[in-house]
Amino acid sequence: MDILSWDGTLSSGDFRLAACAFMQKWKSVMSAFPPWSWVPCPKQPWGASASHDVEGYLSLENIILRSIEEEHDEISCPQKEETSCSEKEELIDIATLVQSNCSKVPYYDLHIIYSASYRVPVLFFRAYYSDGEPLGFNAIEKDLPAHSAKALLDSKWTFITQEEHPYLNRPWFKLHPCGTSEWMKLLFHVDVSVAKNGVTIELYLLSWLSVVGQVVGLRIPLEMLNQP
Amino acid sequence: MAADSPSSVRKVVVHLRATGDAPILKQAKFKIPGTDKFAKVIDFLCRQLHRETLFVYVNSAFSPNPDELVIDLYNNFGFDGKLVVNYACSMAWG
């Protein structure tokens with residue numbers, strides 16, 4: 001792929017390739033972290049089959065993205081009275097107190113789904129507490145890492161919308177893909193090896209996630225880029 | 001390479017590079033302690049350019065998390081004794 005004419009997007013076939021490479025790399029470097037998995041989906045019976053050429057998506061579910069320190073840095077106990085911050089509990093167990101003192105820690109489900117119209121990956125996500133209670137838009141906004149999320153969202157490189165999950169028929173949040181091809185082009189234009197060898201599809205998702213991950217607080221370890 | 005010496009006060013040379021139609025800084029090279037976070041570079045850039053936000057990235061098609069230490073970024077992405085940090089302004093689509 002000639003870098004000068006590359007438009008920042010990839011075909012559905014390339015997405016599948018990129019997904020495989022990404023899953024492998026992740027598994028080998030992030031051994032302490034749960035692996036991404038590929039969720040195959042049957043072709044939808046209606047409409048343009050182009051939308052679902054890929055027949056699947058990447059999934060990483062039930063993960064905690066905030067460290068315990070971050071939780072305690074947050075504003076002391078939210079206004080909700082239903083939290084377990086009752087006086088009764090303070091007497092019981094220091095460990096329980098520390099855990100439940102502020103927040104319940106949200107769990108995240110992340111899906112990387114190919115968009116046939118934009119020809120780029122899209123991050124769909126949702127968050128919920130351990131009791132299953134989902135986080136609404138305001139709660140999620142509060143939970144996102146302040147600095148980086150704000151930078152990316154305010155600049156309109158991407159923004160959060162709520163939309164029906166293309167396969168699961170439930171509302172999820174997503175990071176809008178309209179700017180993706182533009183910033184993917186920027187990212188790859190300065191890569192020295194890319195200028196020589198062309199865009200490496202295997203790197204696409206890693207690069208993409210280095211940006212998108214910042215919005216939800218998923219950090220890509222630098223070691224991933226050093227893998228052959 | 002920076003890695004050889006004790007890193008307690010080692011500074012990293014950072015070269016800020018404008019891409020797209022981002023304004024070019026008059027003073028684009030500076031030194032920063034390796035133990036500082038990348039967030040400091042981002043903040044510095046934003047202040048210099050009078051912008052709230054910028055798209056900031058390094059070679060190897062990667063946008064570092066603001067919490068990364070500058071010395072770690074240098075060790076992974078630096079060459080010729082410096083860390084090149086590229087920046088672009090908000091895009092002008094639609």
# chains A, B, ... in the order shown; residues from 1 in each chain; ligands from 1
$ select_by_dssp --residues "chain B" --states "strand (DSSP E or B)" --output "list in words"
Lys11, Val12, Val13, Val14, His15, Leu16, Arg17, Ala18, Lys29, Phe30, Lys31, Ile32, Pro33, Lys37, Phe55, Val56, Tyr57, Val58, Phe62, Leu69, Phe79, Lys82, Leu83, Val84, Val85, Asn86, Tyr87 and Ala88 of chain B
$ interface_residues --of "chain A" --to "chain B" --cutoff "10 Å" --atoms "only C-alpha atoms" --output "PyMOL selection string"
chain A and resi 147-148+150-157+178-179+182-194+199+203-204+206-215+217-223+225-226
$ write_last_selection --atoms "N, CA and C atoms" --output "compact mmCIF listing (two decimals), in the first residue's frame"
# COMPACT_ATOMS: atom_id res chain seq x y z
N HIS A 147 -8.02 13.47 31.71
CA HIS A 147 -7.13 14.19 30.80
C HIS A 147 -7.26 13.75 29.36
N SER A 148 -7.00 12.49 29.12
CA SER A 148 -6.93 12.05 27.73
C SER A 148 -8.30 11.95 27.07
N LYS A 150 -10.88 13.76 27.67
CA LYS A 150 -11.34 15.11 27.36
C LYS A 150 -10.64 15.64 26.11
N ALA A 151 -9.35 15.39 26.04
CA ALA A 151 -8.59 15.90 24.90
C ALA A 151 -9.13 15.34 23.59
N LEU A 152 -9.35 14.06 23.57
CA LEU A 152 -9.80 13.45 22.32
C LEU A 152 -11.24 13.82 22.00
N LEU A 153 -12.08 13.88 23.02
CA LEU A 153 -13.48 14.15 22.76
C LEU A 153 -13.72 15.62 22.43
N ASP A 154 -13.05 16.50 23.15
CA ASP A 154 -13.24 17.93 22.88
C ASP A 154 -12.75 18.32 21.51
N SER A 155 -11.71 17.66 21.06
CA SER A 155 -11.14 18.03 19.78
C SER A 155 -11.96 17.49 18.62
N LYS A 156 -12.91 16.66 18.94
CA LYS A 156 -13.76 16.06 17.92
C LYS A 156 -13.02 15.07 17.02
N TRP A 157 -11.88 14.57 17.49
CA TRP A 157 -11.24 13.50 16.73
C TRP A 157 -12.17 12.29 16.75
N CYS A 178 -16.09 8.85 12.38
CA CYS A 178 -15.95 9.79 11.25
C CYS A 178 -14.55 10.37 11.10
N GLY A 179 -13.80 10.48 12.18
CA GLY A 179 -12.46 11.06 12.07
C GLY A 179 -11.36 10.03 11.93
N GLU A 182 -8.78 9.90 9.05
CA GLU A 182 -7.88 11.06 9.06
C GLU A 182 -6.73 10.87 10.04
N TRP A 183 -7.06 10.49 11.26
CA TRP A 183 -5.94 10.38 12.19
C TRP A 183 -5.13 9.10 11.97
N MET A 184 -5.71 8.09 11.36
CA MET A 184 -4.90 6.91 11.01
C MET A 184 -3.88 7.30 9.94
N LYS A 185 -4.31 8.15 9.01
CA LYS A 185 -3.37 8.61 7.98
C LYS A 185 -2.21 9.36 8.62
N LEU A 186 -2.53 10.23 9.57
CA LEU A 186 -1.49 11.00 10.26
C LEU A 186 -0.51 10.07 10.96
N LEU A 187 -1.06 9.11 11.66
CA LEU A 187 -0.22 8.18 12.42
C LEU A 187 0.76 7.46 11.51
N PHE A 188 0.29 6.98 10.39
CA PHE A 188 1.15 6.18 9.53
C PHE A 188 2.08 7.00 8.65
N HIS A 189 1.74 8.23 8.44
CA HIS A 189 2.59 9.06 7.59
C HIS A 189 3.97 9.30 8.16
N VAL A 190 4.07 9.25 9.48
CA VAL A 190 5.39 9.54 10.04
C VAL A 190 6.17 8.29 10.37
N ASP A 191 5.61 7.15 10.13
CA ASP A 191 6.31 5.93 10.44
C ASP A 191 7.39 5.67 9.40
N VAL A 192 8.61 5.67 9.87
CA VAL A 192 9.74 5.55 8.95
C VAL A 192 9.70 4.25 8.16
N SER A 193 9.38 3.16 8.85
CA SER A 193 9.39 1.88 8.14
C SER A 193 8.22 1.79 7.17
N VAL A 194 7.16 2.50 7.50
CA VAL A 194 6.01 2.50 6.60
C VAL A 194 6.37 3.18 5.29
N VAL A 199 2.16 0.47 4.38
CA VAL A 199 1.41 0.27 5.62
C VAL A 199 1.36 -1.20 5.99
N LEU A 203 -0.13 -3.84 12.00
CA LEU A 203 0.00 -2.78 12.99
C LEU A 203 -1.24 -1.93 13.13
N TYR A 204 -2.12 -2.02 12.16
CA TYR A 204 -3.25 -1.10 12.09
C TYR A 204 -4.04 -1.02 13.39
N LEU A 206 -3.26 -1.94 16.40
CA LEU A 206 -2.45 -1.47 17.52
C LEU A 206 -2.39 0.05 17.52
N SER A 207 -2.14 0.59 16.36
CA SER A 207 -2.08 2.05 16.24
C SER A 207 -3.44 2.65 16.55
N TRP A 208 -4.44 2.06 15.98
CA TRP A 208 -5.80 2.55 16.18
C TRP A 208 -6.16 2.54 17.67
N LEU A 209 -5.84 1.43 18.32
CA LEU A 209 -6.19 1.30 19.73
C LEU A 209 -5.36 2.22 20.62
N SER A 210 -4.18 2.59 20.16
CA SER A 210 -3.36 3.50 20.99
C SER A 210 -4.07 4.84 21.15
N VAL A 211 -4.87 5.19 20.15
CA VAL A 211 -5.63 6.44 20.22
C VAL A 211 -6.96 6.21 20.96
N VAL A 212 -7.71 5.28 20.44
CA VAL A 212 -9.05 5.02 20.95
C VAL A 212 -9.03 4.54 22.40
N GLY A 213 -8.02 3.76 22.72
CA GLY A 213 -7.88 3.23 24.08
C GLY A 213 -7.75 4.33 25.11
N GLN A 214 -7.21 5.46 24.71
CA GLN A 214 -7.01 6.56 25.66
C GLN A 214 -8.33 7.12 26.14
N VAL A 215 -9.34 7.02 25.32
CA VAL A 215 -10.64 7.55 25.73
C VAL A 215 -11.22 6.72 26.87
N GLY A 217 -9.37 4.54 28.68
CA GLY A 217 -8.37 4.26 29.70
C GLY A 217 -7.72 2.90 29.55
N LEU A 218 -7.70 2.39 28.33
CA LEU A 218 -7.01 1.13 28.08
C LEU A 218 -5.62 1.47 27.56
N ARG A 219 -4.62 1.12 28.33
CA ARG A 219 -3.26 1.50 27.96
C ARG A 219 -2.59 0.37 27.18
N ILE A 220 -1.98 0.74 26.07
CA ILE A 220 -1.25 -0.25 25.28
C ILE A 220 0.19 -0.26 25.78
N PRO A 221 0.66 -1.37 26.28
CA PRO A 221 2.04 -1.40 26.75
C PRO A 221 3.02 -1.25 25.58
N LEU A 222 4.07 -0.51 25.81
CA LEU A 222 5.02 -0.21 24.75
C LEU A 222 5.67 -1.47 24.19
N GLU A 223 5.77 -2.49 25.01
CA GLU A 223 6.40 -3.75 24.57
C GLU A 223 5.69 -4.34 23.35
N LEU A 225 4.82 -3.00 20.74
CA LEU A 225 5.32 -2.49 19.47
C LEU A 225 6.67 -3.07 19.13
N ASN A 226 7.29 -3.71 20.11
CA ASN A 226 8.62 -4.24 19.86
C ASN A 226 8.60 -5.69 19.41
$ residues_around --residues "Pro177 of chain A" --least-positions-apart "2" --cutoff "8 Å" --atoms "only C-alpha atoms" --output "mmCIF file with N, CA, C and O atoms, in the first residue's frame"
data_model
loop_
_atom_site.group_PDB
_atom_site.id
_atom_site.type_symbol
_atom_site.label_atom_id
_atom_site.label_comp_id
_atom_site.auth_asym_id
_atom_site.auth_seq_id
_atom_site.Cartn_x
_atom_site.Cartn_y
_atom_site.Cartn_z
ATOM 1 N N TYR A 118 -17.627 3.355 6.827
ATOM 2 C CA TYR A 118 -16.432 4.167 7.015
ATOM 3 C C TYR A 118 -15.154 3.401 6.688
ATOM 4 O O TYR A 118 -14.087 3.981 6.564
ATOM 5 N N VAL A 120 -13.461 1.437 8.604
ATOM 6 C CA VAL A 120 -12.508 1.482 9.713
ATOM 7 C C VAL A 120 -13.106 0.702 10.886
ATOM 8 O O VAL A 120 -14.307 0.432 10.900
ATOM 9 N N PRO A 121 -12.266 0.365 11.873
ATOM 10 C CA PRO A 121 -12.823 -0.279 13.072
ATOM 11 C C PRO A 121 -13.537 0.763 13.927
ATOM 12 O O PRO A 121 -13.214 1.962 13.876
ATOM 13 N N VAL A 122 -14.488 0.303 14.700
ATOM 14 C CA VAL A 122 -15.225 1.176 15.605
ATOM 15 C C VAL A 122 -15.237 0.530 16.982
ATOM 16 O O VAL A 122 -15.452 -0.680 17.095
ATOM 17 N N THR A 158 -12.920 12.234 17.831
ATOM 18 C CA THR A 158 -13.969 11.226 17.932
ATOM 19 C C THR A 158 -14.954 11.734 18.969
ATOM 20 O O THR A 158 -14.686 12.721 19.645
ATOM 21 N N LEU A 175 -17.540 4.956 19.946
ATOM 22 C CA LEU A 175 -16.714 6.107 19.576
ATOM 23 C C LEU A 175 -16.885 6.307 18.085
ATOM 24 O O LEU A 175 -16.556 5.428 17.298
ATOM 25 N N GLY A 179 -13.797 10.485 12.182
ATOM 26 C CA GLY A 179 -12.457 11.058 12.066
ATOM 27 C C GLY A 179 -11.356 10.031 11.932
ATOM 28 O O GLY A 179 -10.190 10.363 11.681
ATOM 29 N N THR A 180 -11.713 8.777 12.092
ATOM 30 C CA THR A 180 -10.703 7.721 12.187
ATOM 31 C C THR A 180 -9.732 7.675 11.018
ATOM 32 O O THR A 180 -8.514 7.624 11.218
ATOM 33 N N SER A 181 -10.247 7.701 9.797
ATOM 34 C CA SER A 181 -9.330 7.573 8.664
ATOM 35 C C SER A 181 -8.331 8.724 8.635
ATOM 36 O O SER A 181 -7.171 8.534 8.277
#
$ select_by_dssp --residues "chain B" --states "helix (DSSP H, G or I)" --output "list in words"
Ala2, Ala3, Asp4, Phe38, Ala39, Lys40, Val41, Ile42, Asp43, Phe44, Leu45, Cys46, Arg47, Gln48, Leu49, Val70, Ile71, Asp72, Leu73, Tyr74, Asn75, Asn76 and Phe77 of chain B
$ write_last_selection --atoms "C-alpha atoms" --output "tab-separated table (two decimals), in the first residue's frame"
chain	number	residue	atom	x	y	z
B	2	ALA	CA	20.09	7.15	27.19
B	3	ALA	CA	19.57	3.75	28.71
B	4	ASP	CA	23.18	3.28	29.67
B	38	PHE	CA	4.27	12.44	28.55
B	39	ALA	CA	1.35	14.54	29.78
B	40	LYS	CA	3.86	17.30	30.43
B	41	VAL	CA	4.90	17.36	26.79
B	42	ILE	CA	1.28	17.46	25.68
B	43	ASP	CA	0.46	20.27	28.10
B	44	PHE	CA	3.52	22.23	27.02
B	45	LEU	CA	2.53	21.90	23.39
B	46	CYS	CA	-1.02	22.96	24.04
B	47	ARG	CA	0.13	26.03	25.96
B	48	GLN	CA	2.69	27.01	23.32
B	49	LEU	CA	0.13	26.75	20.57
B	70	VAL	CA	9.26	10.22	28.73
B	71	ILE	CA	12.30	8.01	29.29
B	72	ASP	CA	10.29	4.91	28.37
B	73	LEU	CA	9.10	6.59	25.20
B	74	TYR	CA	12.63	7.60	24.34
B	75	ASN	CA	13.88	4.06	24.86
B	76	ASN	CA	11.19	2.69	22.57
B	77	PHE	CA	10.87	5.37	19.93
$ residues_around --residues "Ile64 of chain A" --least-positions-apart "2" --cutoff "8 Å" --atoms "only C-alpha atoms" --output "MDAnalysis selection string"
chainID A and resid 62 66:67 105:108
$ residues_around --residues "Leu17 of chain A" --least-positions-apart "6" --cutoff "10 Å" --atoms "only C-alpha atoms" --output "VMD selection string"
chain A and resid 11 201 to 202 204 to 205
$ write_last_selection --atoms "C-alpha atoms" --output "mmCIF file, in the first residue's frame"
data_model
loop_
_atom_site.group_PDB
_atom_site.id
_atom_site.type_symbol
_atom_site.label_atom_id
_atom_site.label_comp_id
_atom_site.auth_asym_id
_atom_site.auth_seq_id
_atom_site.Cartn_x
_atom_site.Cartn_y
_atom_site.Cartn_z
ATOM 1 C CA SER A 11 -11.035 -3.447 3.669
ATOM 2 C CA ILE A 201 -1.842 -4.195 8.191
ATOM 3 C CA GLU A 202 -0.702 -6.065 11.267
ATOM 4 C CA TYR A 204 -3.251 -1.096 12.088
ATOM 5 C CA LEU A 205 -5.289 -2.139 15.113
#
$ residues_around --residues "Ala28 of chain B" --least-positions-apart "3" --cutoff "7 Å" --atoms "only C-alpha atoms" --output "PyMOL selection string"
chain B and resi 15-16+25
$ write_last_selection --atoms "all heavy atoms" --output "tab-separated table (two decimals), in the first residue's frame"
chain	number	residue	atom	x	y	z
B	15	HIS	N	12.02	16.59	20.28
B	15	HIS	CA	11.89	17.43	19.11
B	15	HIS	C	10.43	17.44	18.69
B	15	HIS	O	9.87	16.40	18.33
B	15	HIS	CB	12.79	16.86	18.01
B	15	HIS	CG	12.82	17.69	16.78
B	15	HIS	ND1	13.52	17.35	15.65
B	15	HIS	CD2	12.24	18.89	16.49
B	15	HIS	CE1	13.37	18.28	14.72
B	15	HIS	NE2	12.60	19.21	15.20
B	16	LEU	N	9.81	18.62	18.74
B	16	LEU	CA	8.40	18.73	18.41
B	16	LEU	C	8.23	19.02	16.92
B	16	LEU	O	8.79	19.97	16.40
B	16	LEU	CB	7.76	19.85	19.24
B	16	LEU	CG	7.86	19.63	20.75
B	16	LEU	CD1	7.39	20.88	21.49
B	16	LEU	CD2	7.04	18.43	21.18
B	25	LEU	N	6.48	25.49	15.71
B	25	LEU	CA	7.02	26.23	16.84
B	25	LEU	C	8.35	26.85	16.49
B	25	LEU	O	9.17	26.24	15.82
B	25	LEU	CB	7.22	25.28	18.03
B	25	LEU	CG	5.97	24.81	18.77
B	25	LEU	CD1	6.35	23.75	19.77
B	25	LEU	CD2	5.30	25.98	19.45
$ atom_distance --atom1 "atom CA of Phe33 of chain A" --atom2 "atom CA of Met224 of chain A"
13.1 Å
$ residues_around --residues "Pro40 of chain A" --least-positions-apart "5" --cutoff "9 Å" --atoms "only C-alpha atoms" --output "MDAnalysis selection string"
chainID A and resid 54:58
$ write_last_selection --atoms "N, CA and C atoms" --output "tab-separated table (two decimals), in the first residue's frame"
chain	number	residue	atom	x	y	z
A	54	VAL	N	-17.53	-9.03	7.26
A	54	VAL	CA	-16.50	-9.49	8.16
A	54	VAL	C	-16.96	-10.70	8.97
A	55	GLU	N	-18.23	-10.79	9.21
A	55	GLU	CA	-18.78	-11.92	9.94
A	55	GLU	C	-18.21	-12.10	11.33
A	56	GLY	N	-17.94	-11.03	12.01
A	56	GLY	CA	-17.47	-11.19	13.38
A	56	GLY	C	-16.83	-9.91	13.89
A	57	TYR	N	-16.44	-9.95	15.16
A	57	TYR	CA	-15.81	-8.78	15.75
A	57	TYR	C	-14.93	-9.22	16.91
A	58	LEU	N	-14.08	-8.29	17.36
A	58	LEU	CA	-13.19	-8.56	18.48
A	58	LEU	C	-13.90	-8.19	19.79
